[in-house]
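The block underneath contains the structure these notes are about, expressed in structure tokens.
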Amino acid sequence: MAKDKNMKLTDSEKREYFRVDDIISVVASPINAGKMGNPEQFKAAMGSKVLPLGEARDESASHEEIEYTSITAENRMLFEIISEMKSKLDFIINHFILEREGLLSPEKKPVNISASGVRFTVDYPVKVNDIMEVKLLLPTHPPVAVLAYGEVIRADKINDNTYEVALEYLNMGESAKDKIIQYTMDLERESIRKQRESQ
């Protein structure tokens, strides 16, 4: 997919956000128009969220490190066993969250993604102005799952079974936007690094 292919973004959005191409897990489904009621009220009510995955790494992590240095040698082994159990439990919880959201084993798709919208293919007809729910699994460390809603700003029929869809997010929250921005910036940096190495 070519970058910025016919995306309806303002000049300020084009400057503000990186658009990158990648292959990630995507689950997308149209929202039934009959359930919307007033479409404008429905759009205003839509929002995004980051699905909780991985371990929380905030003040508690540094607090654990301080506690670890102060525990006695005989309790250190118990502390390590509990830490390992916590890691395994986090993994199991993440597995169930991804399974519930349909992100555990979907086919990965080529996407063009930024903090303002995303482009990918689907195997069903979609029209401009349709509203879609989209779940993205960003392959970061730890992975980040984002649930968002978007309005179709472009829908191109590629063949009988494939449509390329460009979505503009509706009411993207700051938390989800920050995760996507970080992900796209990291990919852009990696791409620049590889270009420099190849020269």
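The way I read the labels, and the way they are meant: chains A, B, ... in the order of the structure tokens, residue 1 as the first residue of every chain, and ligand 1 as the first ligand shown, with later ones counted on from there.
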Using only C-alpha atoms, which residues sit within 10 Å of Val134 of chain A once same-chain residues fewer than 3 positions away are excluded, as a count of residues only?
-> 15
Long-range neighbours of segment 178-195 of chain A as number ranges by chain, 12 Å cut-off, only C-alpha atoms, 6 positions minimum in chain | A: 16-24, 48-51, 111-118, 136-148, 169, 172
Restricted to C-alpha atoms, what would the selected residues look like written as an mmCIF file, in the first residue's frame?
data_model
loop_
_atom_site.group_PDB
_atom_site.id
_atom_site.type_symbol
_atom_site.label_atom_id
_atom_site.label_comp_id
_atom_site.auth_asym_id
_atom_site.auth_seq_id
_atom_site.Cartn_x
_atom_site.Cartn_y
_atom_site.Cartn_z
ATOM 1 C CA GLU A 16 1.140 16.030 13.064
ATOM 2 C CA TYR A 17 1.060 12.224 12.739
ATOM 3 C CA PHE A 18 3.345 9.630 11.192
ATOM 4 C CA ARG A 19 1.615 7.237 8.794
ATOM 5 C CA VAL A 20 3.309 3.864 8.614
ATOM 6 C CA ASP A 21 2.735 0.573 6.832
ATOM 7 C CA ASP A 22 2.861 -2.667 8.796
ATOM 8 C CA ILE A 23 1.244 -6.095 9.043
ATOM 9 C CA ILE A 24 -0.759 -6.561 12.248
ATOM 10 C CA SER A 48 -11.731 4.352 21.898
ATOM 11 C CA LYS A 49 -9.967 2.463 24.628
ATOM 12 C CA VAL A 50 -6.744 0.624 25.236
ATOM 13 C CA LEU A 51 -7.428 -2.943 26.278
ATOM 14 C CA VAL A 111 -2.359 -1.732 7.284
ATOM 15 C CA ASN A 112 -1.501 1.911 6.886
ATOM 16 C CA ILE A 113 -1.958 3.433 10.317
ATOM 17 C CA SER A 114 -1.662 6.737 12.130
ATOM 18 C CA ALA A 115 -3.233 8.358 15.167
ATOM 19 C CA SER A 116 -5.942 9.846 12.924
ATOM 20 C CA GLY A 117 -7.004 6.790 10.940
ATOM 21 C CA VAL A 118 -6.244 3.369 9.524
ATOM 22 C CA LEU A 136 -5.893 -3.442 16.497
ATOM 23 C CA LEU A 137 -3.146 -5.467 18.148
ATOM 24 C CA LEU A 138 0.002 -3.345 18.044
ATOM 25 C CA PRO A 139 3.090 -5.588 18.182
ATOM 26 C CA THR A 140 4.928 -3.616 20.856
ATOM 27 C CA HIS A 141 6.562 -4.918 24.053
ATOM 28 C CA PRO A 142 4.239 -5.704 25.747
ATOM 29 C CA PRO A 143 1.609 -5.805 22.996
ATOM 30 C CA VAL A 144 -1.064 -3.103 23.007
ATOM 31 C CA ALA A 145 -4.656 -3.805 21.949
ATOM 32 C CA VAL A 146 -6.722 -0.797 20.863
ATOM 33 C CA LEU A 147 -10.493 -0.761 20.409
ATOM 34 C CA ALA A 148 -11.674 2.149 18.261
ATOM 35 C CA TYR A 169 -11.253 7.484 13.985
ATOM 36 C CA MET A 172 -10.023 8.819 19.650
#
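Relative to atom CA of Lys157 of chain A, atom CA of Asn171 of chain A is found at 27.1 Å.
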Between A:Ile82, A:Ser198, A:Lys108, A:Thr162, single out the one closest to Lys135 of chain A, counting only C-alpha atoms.
->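 Using only C-alpha atoms, the shortest distance to Lys135 of chain A belongs to A:Lys108.
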So how far away is atom CA of Val152 of chain A from atom CA of Glu168 of chain A, in Å?
-> 6.5 Å
Atom CA of Ala176 of chain A to atom CA of Phe120 of chain A, distance in Å rounded to a single decimal |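 Interatomic distance here is 18.6 Å.
If you measure from each of A:Lys86, A:Lys109, A:Lys177, A:Arg119 to Glu151 of chain A using only C-alpha atoms, the closest one turns out to be A:Arg119.
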